[in-house]
Amino acid sequence: MANLKEKLFTDFPAISTEEWMAKITADLKGADFEKKLVWKTDEGFKVNPFYRNENIEGLKTADALPGEFPYVRGTKKDNDWYVRQDITVVDFKAANAKALEVLNKGITSLGFIIKGDDVNAENIKTLLKDICPEAVELNFSTCHRKSLELVKILVDNLKSKDVDLLKCFGSVNYDPFKTILKKGVDNTEWVKQAAEIVTVAAALPRFRVLNVNANKLNNAGAYIYQELGYALANGNEILSKLVEAGLDTALVAKKIKFNFGIGANYFMEIAKFRAARWLWAEIVDAYKPACNHECPNKAEDGICRCASKIYTHAETSTYNMTVFDAHVNLLRSQTEAMSASLAGVNSLTVLPFDESFKDSDNFSERIARNQQLLLKEECHFDKISDPSAGSYYIENLTASIADQAWKLFLEVDEKGFYEVLKAGTVQAAIKASSDNRFKSLATRREVLLGTNQYPNITETAGNKITKDACGCGCSTDSASAQLQQLPSTRLATDFEKLRLATEKSGKTPVVFMLTIGSLAMRLARSQFSGNFFGCAGYKIIDNLGFQTVEEGVKAAREKKADIIVLCSSDDEYATLAPEAYNLVKGKEQFVVAGAPACTDDLKAIGIENFVNVKSNVLETLKKFNAVLGIN
């Protein structure tokens with residue numbers, strides 16, 4: 001049978017790249033290959049429509065193996081990951097009960113979010129009651145001013161138990177630059193604080209206590225190469241400054257944890273995590289960390305390659321979550337979880353689908369857990385290490401993202417990440433990226449299903465928004481900000497404000513499709529226009545078609561339309577649009593669907609409103625809201 005399979009494929013002649021290009025060029029019928037088929041990414045590089053074996057020749061990633069330096073294919077030989085659920089701690093006894101409950105439902109990693117003022121030994125003892133620290137990853141997040149105290153408490157707590165400290169694992173989320181990025185407040189003592197925390201945490205060899213929170217950049221709207229490039233610069237700043245302060249390189253490197261976000265770009269996110277492992281390994285290896293005598297992987301040159309292994313936690317994005325049509329968030333987070341799990345992260349959090357508008361409940365938390373369990377138990381993603389390896393496409397994406405991120409890393413590292421943060425360069429660059437993405441959403445070059453494309457026009461959301469902004473217990477008063485902060489607005493926010501304004505106004509504008517003429521064009525344009533105006537929460541009345549314009553205007557007025565949209569073909573607009581416009585006479589808002597050649601002539605007689613694929617959806621709908629008295 002094996003021979004038959006081999007013969008089957010050898011029967012096909014080899015096709016050269018030149019032959020493929022000749023066929024593609026012929027099929028394009030004169031259209032420009034570069035403009036039609038080459039994708040110009042936001043990451044600063046181009047993606048071709050096809051790749052071949054010759055495109056991976058010479059790539060370092062092509063011959064890599066799982067568990068081997070530089071770890072592009074994984075820091076371990078398997079692809080198992082920890083399934084994490086975070087618990088915001090208000091009542092420590094209740095949080096402990098919840099933790100024990102979810103551990104019996106598939107969770108293997110716990111994240112506790114604790115207010116700074118609540119950090120004390122008794123509370124931590126209550127929180128960890130009956131939880132085996134050798135069997136579950138324990139992660140803690142609190143205010144940076146309480147991180148050292150928390151680490152000391154954890155060391156004492158675990159030492160008091162009958163456990164092997166080498167088997168206890170987890171993290172404390174001390175982020176030296178959190179105060180700048182979140183609140184715009186400098187932390188001049190961060191090197192001293194970080195050194196003290198590492199020194200104390202040395203008693204817990206498998207606890208990572210220095211965190212690079214690149215997920216904050218992701219949720220602020222950063223592009224993939226920015227998230228990765230800045231994360232590497234962040235990690236290297238911590239490593240270099242603590243080594244300069246006299247700490248052991250291997251010790252510090254093994255205390256650093258990277259928390260990445262996961263965006264919607266499925267294949268690029270896979271490539272991002274592969275590139276992250278590779279680049280961080282090269283950075284740490286450049287320090288030549290020395291192995292101690294206990295290191296099981298001591299290299300012949302004495303360099304500790306274990307220290308070069310990145311530890312990555314991934315969390316699904318909040319940036320692209322939506323309030324309207326919120327169940328679509330399940331599709332987004334599932335795709336994101338697939339990217340991260342296939343890419344080989346160490347642990348993963350899938351945020352509940354209702355994260356953007358309310359505190360999660362038992363149902364949404366259960367669904368979030370099961371999204372990961374499905375990938376493990378039914379899809380078996382944990383059974384194969386780096387299944388994307390060898391893919392011509394993903395190997396090239398990995399190399400391209402690594403190249404762009406490395407350029408950014410070198411640019412930032414030359415000045416120092418801390419100095420660049422204080423100058424506001426990182427924050428400004430990410431804000432610029434986020435602004436570009438807002439513009440892309442407004443013009444539908446970037447799509448959020450249910451928000452700027454295919455909205456559920458009958459949905460209301462005002463009564464389900466109950467979530468209050470909350471933090472870790474520290475003040476987030478922007479008045480105290482001295483430095484620039486990261487933007488914190490979700491991608492959908494402007495569209496949601498627009499739609500909520502319609503909802504809260506108490507009146508729902510009626511948009512009537514006056515369909516006439518060419519069957520194909522009127523149907524296509526009525527569907528486009530209904531989708532367009534539905535993004536503002538307007539009521540859409542579609543029609544099969546009218547024999548005359550007069551008949552259509554009469555029907556629109558019977559339905560008490562606020563907006564009449566003429567849907568026909570470009571050729572027919574020259575006569576139909578003026579006729580309809582004269583009948584409307586300013587009583588209703590009149591719109592032409594499309595961008596006909598006669599647009600200038602129609603504008604000359606007073607027609608102002610046109611909607612088409614080049615329209616800025618958000619700005620257009622804001623204008624209609626204003627005209628209709630919706631604020």
# chains A, B, ... in the order shown; residues from 1 in each chain; ligands from 1
call {"tool": "select_by_dssp", "arguments": {"residues": "range 172-406 of chain A", "states": "strand (DSSP E or B)", "output": "number ranges by chain"}}
result
A: 172-174, 207-213, 256-262, 290, 303, 312-316, 347-349
call {"tool": "residues_around", "arguments": {"residues": "Gly229 in chain A", "least_positions_apart": "6", "cutoff": "9 Å", "atoms": "only C-alpha atoms", "output": "list in words"}}
result
Ala276, Ala402, Gln404, Ala405, Trp406, Lys407, Leu408, Phe409, Leu410 and Val412 of chain A
call {"tool": "write_last_selection", "arguments": {"atoms": "N, CA, C and O atoms", "output": "PDB file, in the first residue's frame"}}
result
ATOM      1  N   ALA A 276       8.265  34.356  19.087  1.00  0.00           N
ATOM      2  CA  ALA A 276       8.583  34.797  20.450  1.00  0.00           C
ATOM      3  C   ALA A 276       9.560  33.839  21.122  1.00  0.00           C
ATOM      4  O   ALA A 276      10.531  34.266  21.771  1.00  0.00           O
ATOM      5  N   ALA A 402       9.182  37.660  12.928  1.00  0.00           N
ATOM      6  CA  ALA A 402      10.406  37.721  13.720  1.00  0.00           C
ATOM      7  C   ALA A 402      11.299  38.860  13.230  1.00  0.00           C
ATOM      8  O   ALA A 402      11.885  39.600  14.037  1.00  0.00           O
ATOM      9  N   GLN A 404      10.408  41.691  11.622  1.00  0.00           N
ATOM     10  CA  GLN A 404       9.846  42.997  11.958  1.00  0.00           C
ATOM     11  C   GLN A 404       9.934  43.282  13.455  1.00  0.00           C
ATOM     12  O   GLN A 404      10.252  44.399  13.871  1.00  0.00           O
ATOM     13  N   ALA A 405       9.647  42.268  14.264  1.00  0.00           N
ATOM     14  CA  ALA A 405       9.720  42.438  15.722  1.00  0.00           C
ATOM     15  C   ALA A 405      11.154  42.688  16.168  1.00  0.00           C
ATOM     16  O   ALA A 405      11.406  43.492  17.078  1.00  0.00           O
ATOM     17  N   TRP A 406      12.101  42.015  15.520  1.00  0.00           N
ATOM     18  CA  TRP A 406      13.507  42.175  15.890  1.00  0.00           C
ATOM     19  C   TRP A 406      14.007  43.580  15.562  1.00  0.00           C
ATOM     20  O   TRP A 406      14.752  44.181  16.342  1.00  0.00           O
ATOM     21  N   LYS A 407      13.576  44.110  14.435  1.00  0.00           N
ATOM     22  CA  LYS A 407      13.950  45.486  14.075  1.00  0.00           C
ATOM     23  C   LYS A 407      13.437  46.463  15.130  1.00  0.00           C
ATOM     24  O   LYS A 407      14.158  47.383  15.548  1.00  0.00           O
ATOM     25  N   LEU A 408      12.198  46.270  15.543  1.00  0.00           N
ATOM     26  CA  LEU A 408      11.623  47.143  16.567  1.00  0.00           C
ATOM     27  C   LEU A 408      12.349  46.966  17.892  1.00  0.00           C
ATOM     28  O   LEU A 408      12.625  47.946  18.603  1.00  0.00           O
ATOM     29  N   PHE A 409      12.655  45.723  18.228  1.00  0.00           N
ATOM     30  CA  PHE A 409      13.389  45.451  19.472  1.00  0.00           C
ATOM     31  C   PHE A 409      14.730  46.178  19.493  1.00  0.00           C
ATOM     32  O   PHE A 409      15.085  46.833  20.476  1.00  0.00           O
ATOM     33  N   LEU A 410      15.475  46.086  18.402  1.00  0.00           N
ATOM     34  CA  LEU A 410      16.787  46.732  18.346  1.00  0.00           C
ATOM     35  C   LEU A 410      16.660  48.248  18.447  1.00  0.00           C
ATOM     36  O   LEU A 410      17.464  48.923  19.121  1.00  0.00           O
ATOM     37  N   VAL A 412      14.280  49.952  19.966  1.00  0.00           N
ATOM     38  CA  VAL A 412      13.914  50.328  21.332  1.00  0.00           C
ATOM     39  C   VAL A 412      15.057  50.042  22.302  1.00  0.00           C
ATOM     40  O   VAL A 412      15.360  50.851  23.183  1.00  0.00           O
TER      41      VAL A 412
END
call {"tool": "select_by_dssp", "arguments": {"residues": "range 237-465 of chain A", "states": "alpha helix (DSSP H)", "output": "CSV table (one decimal) with N, CA and C atoms, in the first residue's frame"}}
result
chain,number,residue,atom,x,y,z
A,237,GLU,N,15.0,44.6,29.1
A,237,GLU,CA,15.3,45.7,30.0
A,237,GLU,C,15.4,45.1,31.5
A,238,ILE,N,14.4,44.3,31.8
A,238,ILE,CA,14.4,43.7,33.2
A,238,ILE,C,15.6,42.8,33.4
A,239,LEU,N,15.9,42.0,32.4
A,239,LEU,CA,17.1,41.1,32.5
A,239,LEU,C,18.4,41.8,32.7
A,240,SER,N,18.6,42.8,31.8
A,240,SER,CA,19.9,43.5,31.8
A,240,SER,C,20.1,44.3,33.1
A,241,LYS,N,19.0,45.0,33.5
A,241,LYS,CA,19.2,45.8,34.7
A,241,LYS,C,19.4,45.0,36.0
A,242,LEU,N,18.8,43.9,36.0
A,242,LEU,CA,19.0,43.0,37.2
A,242,LEU,C,20.3,42.3,37.2
A,243,VAL,N,20.8,42.0,36.0
A,243,VAL,CA,22.1,41.4,35.9
A,243,VAL,C,23.2,42.5,36.3
A,244,GLU,N,23.0,43.7,35.8
A,244,GLU,CA,23.8,44.8,36.2
A,244,GLU,C,23.8,45.0,37.7
A,249,THR,N,22.3,35.7,36.0
A,249,THR,CA,21.5,35.8,34.7
A,249,THR,C,20.5,34.6,34.6
A,250,ALA,N,20.9,33.4,34.9
A,250,ALA,CA,20.0,32.3,34.8
A,250,ALA,C,18.8,32.4,35.7
A,251,LEU,N,19.1,32.9,37.0
A,251,LEU,CA,18.1,33.0,38.0
A,251,LEU,C,17.0,34.0,37.5
A,252,VAL,N,17.5,35.2,37.0
A,252,VAL,CA,16.6,36.2,36.6
A,252,VAL,C,15.8,35.8,35.4
A,253,ALA,N,16.4,35.1,34.4
A,253,ALA,CA,15.7,34.7,33.2
A,253,ALA,C,14.6,33.7,33.5
A,266,TYR,N,-5.6,34.6,12.7
A,266,TYR,CA,-5.3,33.2,13.1
A,266,TYR,C,-3.9,32.7,12.8
A,267,PHE,N,-3.5,32.8,11.6
A,267,PHE,CA,-2.2,32.2,11.2
A,267,PHE,C,-1.0,33.1,11.8
A,268,MET,N,-1.2,34.4,11.7
A,268,MET,CA,-0.2,35.3,12.2
A,268,MET,C,0.0,35.1,13.7
A,269,GLU,N,-1.0,34.9,14.5
A,269,GLU,CA,-0.9,34.6,15.9
A,269,GLU,C,-0.1,33.4,16.2
A,270,ILE,N,-0.3,32.3,15.4
A,270,ILE,CA,0.5,31.1,15.5
A,270,ILE,C,2.0,31.5,15.3
A,271,ALA,N,2.2,32.2,14.3
A,271,ALA,CA,3.6,32.6,13.9
A,271,ALA,C,4.2,33.5,15.0
A,272,LYS,N,3.4,34.3,15.6
A,272,LYS,CA,3.9,35.2,16.7
A,272,LYS,C,4.5,34.4,17.9
A,273,PHE,N,3.8,33.4,18.3
A,273,PHE,CA,4.2,32.7,19.5
A,273,PHE,C,5.5,31.8,19.1
A,274,ARG,N,5.6,31.4,17.9
A,274,ARG,CA,6.8,30.6,17.4
A,274,ARG,C,8.0,31.6,17.4
A,275,ALA,N,7.7,32.8,16.9
A,275,ALA,CA,8.8,33.8,16.8
A,275,ALA,C,9.2,34.2,18.2
A,276,ALA,N,8.3,34.4,19.1
A,276,ALA,CA,8.6,34.8,20.4
A,276,ALA,C,9.6,33.8,21.1
A,277,ARG,N,9.3,32.6,21.0
A,277,ARG,CA,10.2,31.6,21.6
A,277,ARG,C,11.6,31.7,21.0
A,278,TRP,N,11.7,31.8,19.7
A,278,TRP,CA,12.9,31.9,19.0
A,278,TRP,C,13.7,33.1,19.4
A,279,LEU,N,13.1,34.3,19.3
A,279,LEU,CA,13.8,35.5,19.6
A,279,LEU,C,14.3,35.7,21.1
A,280,TRP,N,13.4,35.3,22.0
A,280,TRP,CA,13.7,35.4,23.4
A,280,TRP,C,14.9,34.4,23.7
A,281,ALA,N,14.9,33.2,23.1
A,281,ALA,CA,16.0,32.3,23.3
A,281,ALA,C,17.3,32.9,22.9
A,282,GLU,N,17.3,33.6,21.7
A,282,GLU,CA,18.5,34.2,21.2
A,282,GLU,C,19.0,35.4,22.2
A,283,ILE,N,18.0,36.1,22.7
A,283,ILE,CA,18.4,37.2,23.6
A,283,ILE,C,19.0,36.7,24.8
A,284,VAL,N,18.4,35.8,25.5
A,284,VAL,CA,18.9,35.2,26.8
A,284,VAL,C,20.3,34.5,26.5
A,285,ASP,N,20.4,33.8,25.4
A,285,ASP,CA,21.6,33.1,25.1
A,285,ASP,C,22.8,34.0,24.9
A,286,ALA,N,22.5,35.3,24.5
A,286,ALA,CA,23.6,36.3,24.3
A,286,ALA,C,24.2,36.7,25.6
A,328,VAL,N,-21.1,36.2,19.3
A,328,VAL,CA,-20.0,36.1,18.3
A,328,VAL,C,-18.6,36.2,19.0
A,329,ASN,N,-18.6,36.7,20.2
A,329,ASN,CA,-17.3,36.7,21.0
A,329,ASN,C,-16.8,35.3,21.2
A,330,LEU,N,-17.8,34.3,21.2
A,330,LEU,CA,-17.4,32.9,21.4
A,330,LEU,C,-16.6,32.4,20.2
A,331,LEU,N,-17.0,32.9,19.0
A,331,LEU,CA,-16.3,32.5,17.8
A,331,LEU,C,-14.9,33.1,17.8
A,332,ARG,N,-14.8,34.4,18.2
A,332,ARG,CA,-13.5,35.1,18.2
A,332,ARG,C,-12.6,34.4,19.2
A,333,SER,N,-13.1,34.2,20.4
A,333,SER,CA,-12.2,33.6,21.4
A,333,SER,C,-11.8,32.2,21.1
A,334,GLN,N,-12.7,31.4,20.4
A,334,GLN,CA,-12.3,30.1,20.1
A,334,GLN,C,-11.2,30.0,19.0
A,335,THR,N,-11.3,30.9,18.1
A,335,THR,CA,-10.3,31.0,17.0
A,335,THR,C,-9.0,31.4,17.7
A,336,GLU,N,-9.0,32.4,18.6
A,336,GLU,CA,-7.8,32.8,19.3
A,336,GLU,C,-7.2,31.7,20.1
A,337,ALA,N,-8.1,31.0,20.8
A,337,ALA,CA,-7.6,29.8,21.6
A,337,ALA,C,-6.9,28.8,20.7
A,338,MET,N,-7.5,28.6,19.6
A,338,MET,CA,-6.9,27.6,18.6
A,338,MET,C,-5.5,28.1,18.2
A,339,SER,N,-5.3,29.3,17.9
A,339,SER,CA,-4.0,29.9,17.5
A,339,SER,C,-3.0,29.6,18.6
A,340,ALA,N,-3.3,30.0,19.8
A,340,ALA,CA,-2.4,29.9,21.0
A,340,ALA,C,-2.1,28.4,21.3
A,341,SER,N,-3.1,27.6,21.3
A,341,SER,CA,-2.8,26.2,21.7
A,341,SER,C,-2.0,25.4,20.6
A,342,LEU,N,-2.3,25.7,19.3
A,342,LEU,CA,-1.5,25.1,18.3
A,342,LEU,C,-0.1,25.6,18.3
A,343,ALA,N,0.1,26.8,18.7
A,343,ALA,CA,1.4,27.4,18.7
A,343,ALA,C,2.2,27.0,19.9
A,362,ASN,N,-21.8,31.8,36.1
A,362,ASN,CA,-21.5,30.4,36.0
A,362,ASN,C,-21.6,29.9,34.6
A,363,PHE,N,-22.6,30.4,33.9
A,363,PHE,CA,-22.7,29.9,32.5
A,363,PHE,C,-21.6,30.3,31.6
A,364,SER,N,-21.3,31.6,31.6
A,364,SER,CA,-20.2,32.1,30.7
A,364,SER,C,-18.9,31.6,31.1
A,365,GLU,N,-18.6,31.4,32.4
A,365,GLU,CA,-17.4,30.8,32.8
A,365,GLU,C,-17.3,29.3,32.4
A,366,ARG,N,-18.4,28.6,32.5
A,366,ARG,CA,-18.4,27.2,32.1
A,366,ARG,C,-18.1,27.1,30.6
A,367,ILE,N,-18.7,28.0,29.8
A,367,ILE,CA,-18.5,27.9,28.4
A,367,ILE,C,-17.0,28.2,28.1
A,368,ALA,N,-16.4,29.2,28.8
A,368,ALA,CA,-15.0,29.6,28.6
A,368,ALA,C,-14.1,28.4,28.9
A,369,ARG,N,-14.4,27.7,30.0
A,369,ARG,CA,-13.6,26.5,30.3
A,369,ARG,C,-13.7,25.5,29.2
A,370,ASN,N,-14.9,25.2,28.8
A,370,ASN,CA,-15.1,24.1,27.9
A,370,ASN,C,-14.6,24.4,26.5
A,371,GLN,N,-14.4,25.7,26.2
A,371,GLN,CA,-13.7,26.0,24.9
A,371,GLN,C,-12.3,25.4,24.8
A,372,GLN,N,-11.6,25.5,26.0
A,372,GLN,CA,-10.3,24.9,26.0
A,372,GLN,C,-10.3,23.4,26.1
A,373,LEU,N,-11.2,22.9,26.9
A,373,LEU,CA,-11.3,21.4,27.1
A,373,LEU,C,-11.7,20.7,25.8
A,374,LEU,N,-12.5,21.4,25.0
A,374,LEU,CA,-12.9,20.9,23.7
A,374,LEU,C,-11.7,20.7,22.8
A,375,LEU,N,-10.8,21.7,22.8
A,375,LEU,CA,-9.6,21.7,22.0
A,375,LEU,C,-8.7,20.5,22.5
A,376,LYS,N,-8.7,20.2,23.7
A,376,LYS,CA,-7.9,19.1,24.3
A,376,LYS,C,-8.5,17.8,24.1
A,377,GLU,N,-9.8,17.6,24.5
A,377,GLU,CA,-10.4,16.3,24.6
A,377,GLU,C,-11.0,15.9,23.3
A,392,TYR,N,4.8,25.9,4.5
A,392,TYR,CA,5.6,27.0,3.8
A,392,TYR,C,5.0,28.3,4.2
A,393,TYR,N,3.7,28.4,4.4
A,393,TYR,CA,3.1,29.7,4.7
A,393,TYR,C,3.5,30.1,6.1
A,394,ILE,N,3.3,29.3,7.1
A,394,ILE,CA,3.5,29.7,8.5
A,394,ILE,C,5.0,29.8,8.8
A,395,GLU,N,5.8,29.0,8.1
A,395,GLU,CA,7.3,29.2,8.3
A,395,GLU,C,7.7,30.6,7.8
A,396,ASN,N,7.1,31.0,6.7
A,396,ASN,CA,7.5,32.3,6.2
A,396,ASN,C,6.9,33.5,7.0
A,397,LEU,N,5.7,33.2,7.6
A,397,LEU,CA,5.1,34.2,8.5
A,397,LEU,C,5.9,34.3,9.7
A,398,THR,N,6.4,33.2,10.3
A,398,THR,CA,7.2,33.2,11.5
A,398,THR,C,8.5,34.0,11.2
A,399,ALA,N,9.1,33.8,10.1
A,399,ALA,CA,10.4,34.5,9.8
A,399,ALA,C,10.1,36.0,9.6
A,400,SER,N,9.0,36.3,8.9
A,400,SER,CA,8.7,37.7,8.6
A,400,SER,C,8.3,38.5,9.9
A,401,ILE,N,7.5,37.9,10.7
A,401,ILE,CA,7.1,38.6,12.0
A,401,ILE,C,8.4,38.7,12.9
A,402,ALA,N,9.2,37.7,12.9
A,402,ALA,CA,10.4,37.7,13.7
A,402,ALA,C,11.3,38.9,13.2
A,403,ASP,N,11.4,39.0,11.9
A,403,ASP,CA,12.2,40.1,11.3
A,403,ASP,C,11.7,41.5,11.7
A,404,GLN,N,10.4,41.7,11.6
A,404,GLN,CA,9.8,43.0,12.0
A,404,GLN,C,9.9,43.3,13.5
A,405,ALA,N,9.6,42.3,14.3
A,405,ALA,CA,9.7,42.4,15.7
A,405,ALA,C,11.2,42.7,16.2
A,406,TRP,N,12.1,42.0,15.5
A,406,TRP,CA,13.5,42.2,15.9
A,406,TRP,C,14.0,43.6,15.6
A,407,LYS,N,13.6,44.1,14.4
A,407,LYS,CA,14.0,45.5,14.1
A,407,LYS,C,13.4,46.5,15.1
A,408,LEU,N,12.2,46.3,15.5
A,408,LEU,CA,11.6,47.1,16.6
A,408,LEU,C,12.3,47.0,17.9
A,409,PHE,N,12.7,45.7,18.2
A,409,PHE,CA,13.4,45.5,19.5
A,409,PHE,C,14.7,46.2,19.5
A,410,LEU,N,15.5,46.1,18.4
A,410,LEU,CA,16.8,46.7,18.3
A,410,LEU,C,16.7,48.2,18.4
A,411,GLU,N,15.6,48.8,17.8
A,411,GLU,CA,15.4,50.2,17.8
A,411,GLU,C,15.1,50.7,19.3
A,412,VAL,N,14.3,50.0,20.0
A,412,VAL,CA,13.9,50.3,21.3
A,412,VAL,C,15.1,50.0,22.3
A,413,ASP,N,15.7,48.9,22.1
A,413,ASP,CA,16.8,48.5,23.1
A,413,ASP,C,17.9,49.4,23.0
A,414,GLU,N,18.2,50.1,21.9
A,414,GLU,CA,19.3,51.0,21.8
A,414,GLU,C,19.1,52.2,22.8
A,415,LYS,N,17.9,52.6,23.0
A,415,LYS,CA,17.6,53.7,24.0
A,415,LYS,C,17.2,53.2,25.4
A,417,PHE,N,14.1,50.3,27.1
A,417,PHE,CA,12.7,50.3,27.1
A,417,PHE,C,12.1,51.2,28.1
A,418,TYR,N,12.7,51.3,29.3
A,418,TYR,CA,12.2,52.2,30.3
A,418,TYR,C,12.3,53.7,29.9
A,419,GLU,N,13.4,54.0,29.2
A,419,GLU,CA,13.5,55.4,28.8
A,419,GLU,C,12.5,55.7,27.7
A,420,VAL,N,12.3,54.7,26.8
A,420,VAL,CA,11.3,54.9,25.7
A,420,VAL,C,9.9,55.0,26.3
A,421,LEU,N,9.6,54.3,27.3
A,421,LEU,CA,8.3,54.4,28.0
A,421,LEU,C,8.1,55.8,28.6
A,422,LYS,N,9.1,56.2,29.3
A,422,LYS,CA,9.0,57.6,29.9
A,422,LYS,C,8.8,58.7,28.8
A,423,ALA,N,9.4,58.5,27.7
A,423,ALA,CA,9.3,59.4,26.6
A,423,ALA,C,7.9,59.3,25.9
A,425,THR,N,7.0,57.1,23.7
A,425,THR,CA,7.2,56.6,22.4
A,425,THR,C,6.3,55.3,22.1
A,426,VAL,N,6.4,54.4,23.1
A,426,VAL,CA,5.6,53.1,22.9
A,426,VAL,C,4.1,53.4,22.9
A,427,GLN,N,3.7,54.2,23.9
A,427,GLN,CA,2.3,54.5,24.0
A,427,GLN,C,1.8,55.2,22.8
A,428,ALA,N,2.5,56.2,22.2
A,428,ALA,CA,2.1,56.9,21.0
A,428,ALA,C,2.0,56.0,19.8
A,429,ALA,N,3.0,55.1,19.7
A,429,ALA,CA,3.0,54.2,18.5
A,429,ALA,C,1.8,53.3,18.6
A,430,ILE,N,1.5,52.8,19.8
A,430,ILE,CA,0.3,51.9,19.9
A,430,ILE,C,-1.0,52.6,19.7
A,431,LYS,N,-1.0,53.9,20.2
A,431,LYS,CA,-2.2,54.7,19.9
A,431,LYS,C,-2.4,54.9,18.4
A,432,ALA,N,-1.3,55.2,17.7
A,432,ALA,CA,-1.4,55.4,16.3
A,432,ALA,C,-2.0,54.1,15.6
A,433,SER,N,-1.5,53.0,16.0
A,433,SER,CA,-2.0,51.7,15.5
A,433,SER,C,-3.5,51.5,15.8
A,434,SER,N,-3.8,51.8,17.0
A,434,SER,CA,-5.2,51.7,17.4
A,434,SER,C,-6.1,52.6,16.6
A,435,ASP,N,-5.6,53.8,16.4
A,435,ASP,CA,-6.4,54.8,15.6
A,435,ASP,C,-6.6,54.3,14.2
A,436,ASN,N,-5.5,53.7,13.6
A,436,ASN,CA,-5.6,53.2,12.3
A,436,ASN,C,-6.6,52.1,12.2
A,437,ARG,N,-6.7,51.3,13.3
A,437,ARG,CA,-7.7,50.2,13.3
A,437,ARG,C,-9.1,50.7,13.4
A,438,PHE,N,-9.3,51.8,14.2
A,438,PHE,CA,-10.6,52.4,14.3
A,438,PHE,C,-11.0,52.9,12.9
A,439,LYS,N,-10.1,53.5,12.2
A,439,LYS,CA,-10.4,54.0,10.9
A,439,LYS,C,-10.8,52.8,9.9
A,440,SER,N,-10.0,51.8,10.0
A,440,SER,CA,-10.3,50.6,9.2
A,440,SER,C,-11.7,50.0,9.5
A,441,LEU,N,-12.0,50.0,10.8
A,441,LEU,CA,-13.3,49.5,11.2
A,441,LEU,C,-14.4,50.4,10.7
A,442,ALA,N,-14.2,51.7,10.8
A,442,ALA,CA,-15.2,52.7,10.3
A,442,ALA,C,-15.5,52.6,8.8
call {"tool": "closest_residue", "arguments": {"among": "A:Ala31, A:Val627, A:Ile303, A:Val350", "to": "Asp86 in chain A", "atoms": "only C-alpha atoms"}}
result
A:Val350
call {"tool": "residues_around", "arguments": {"residues": "Thr515 in chain A", "least_positions_apart": "6", "cutoff": "8 Å", "atoms": "only C-alpha atoms", "output": "NGL selection string"}}
result
:A and (522-523 or 526 or 543-546 or 552 or 566-568)
call {"tool": "write_last_selection", "arguments": {"atoms": "N, CA and C atoms", "output": "short mmCIF file (atom, residue, chain, number, x, y, z; two decimals), in the first residue's frame"}}
result
data_model
loop_
_atom_site.label_atom_id
_atom_site.label_comp_id
_atom_site.auth_asym_id
_atom_site.auth_seq_id
_atom_site.Cartn_x
_atom_site.Cartn_y
_atom_site.Cartn_z
N ARG A 522 -30.78 46.05 -7.63
CA ARG A 522 -31.61 46.57 -6.54
C ARG A 522 -31.56 45.66 -5.32
N LEU A 523 -31.48 44.35 -5.55
CA LEU A 523 -31.37 43.42 -4.42
C LEU A 523 -30.03 43.57 -3.71
N SER A 526 -29.99 46.95 -1.84
CA SER A 526 -30.87 47.01 -0.67
C SER A 526 -30.27 46.21 0.48
N ASN A 543 -37.90 45.65 0.44
CA ASN A 543 -39.03 45.43 -0.47
C ASN A 543 -38.60 44.62 -1.68
N LEU A 544 -39.56 43.98 -2.30
CA LEU A 544 -39.27 43.17 -3.48
C LEU A 544 -39.07 44.03 -4.72
N GLY A 545 -39.65 45.21 -4.74
CA GLY A 545 -39.47 46.10 -5.88
C GLY A 545 -40.76 46.84 -6.22
N PHE A 546 -40.62 48.02 -6.82
CA PHE A 546 -41.77 48.84 -7.21
C PHE A 546 -41.72 49.11 -8.70
N GLY A 552 -43.21 53.78 -4.87
CA GLY A 552 -42.27 53.50 -3.80
C GLY A 552 -42.28 54.56 -2.72
N LEU A 566 -32.83 54.87 -2.28
CA LEU A 566 -33.10 54.43 -3.65
C LEU A 566 -32.10 53.37 -4.04
N CYS A 567 -32.60 52.19 -4.40
CA CYS A 567 -31.74 51.06 -4.76
C CYS A 567 -32.05 50.63 -6.19
N SER A 568 -31.10 50.89 -7.08
CA SER A 568 -31.27 50.53 -8.49
C SER A 568 -29.89 50.38 -9.11
#
call {"tool": "residues_around", "arguments": {"residues": "Leu148 in chain A", "least_positions_apart": "6", "cutoff": "8 Å", "atoms": "only C-alpha atoms", "output": "ChimeraX atom specification"}}
result
/A:193,196-197
call {"tool": "atom_distance", "arguments": {"atom1": "CA of His313 in chain A", "atom2": "CA of Ile256 in chain A"}}
result
11.4 Å
call {"tool": "residues_around", "arguments": {"residues": "Ser385 in chain A", "least_positions_apart": "4", "cutoff": "9 Å", "atoms": "only C-alpha atoms", "output": "NGL selection string"}}
result
:A and (66 or 73-74 or 76-80 or 342-344 or 381 or 389)
call {"tool": "closest_residue", "arguments": {"among": "A:Glu619, A:Glu101, A:Asp600, A:Glu227", "to": "Ile87 in chain A", "atoms": "only C-alpha atoms"}}
result
A:Glu101
call {"tool": "atom_distance", "arguments": {"atom1": "CA of Glu54 in chain A", "atom2": "CA of Val38 in chain A"}}
result
18.1 Å
call {"tool": "closest_residue", "arguments": {"among": "A:Cys168, A:Val185, A:Ile262, A:Ile153", "to": "Asn219 in chain A", "atoms": "only C-alpha atoms"}}
result
A:Ile262
call {"tool": "residues_around", "arguments": {"residues": "Gln453 in chain A", "least_positions_apart": "5", "cutoff": "12 Å", "atoms": "only C-alpha atoms", "output": "list of chain:residue names"}}
result
A:Phe324, A:Asp325, A:Leu441, A:Ala442, A:Thr443, A:Arg444, A:Arg445, A:Glu446, A:Val447, A:Leu448, A:Ala492, A:Phe495, A:Gln527, A:Phe528, A:Ser529, A:Gly530, A:Asn531, A:Phe532, A:Phe533, A:Gly534, A:Cys535, A:Ala536, A:Val613, A:Val617, A:Leu618
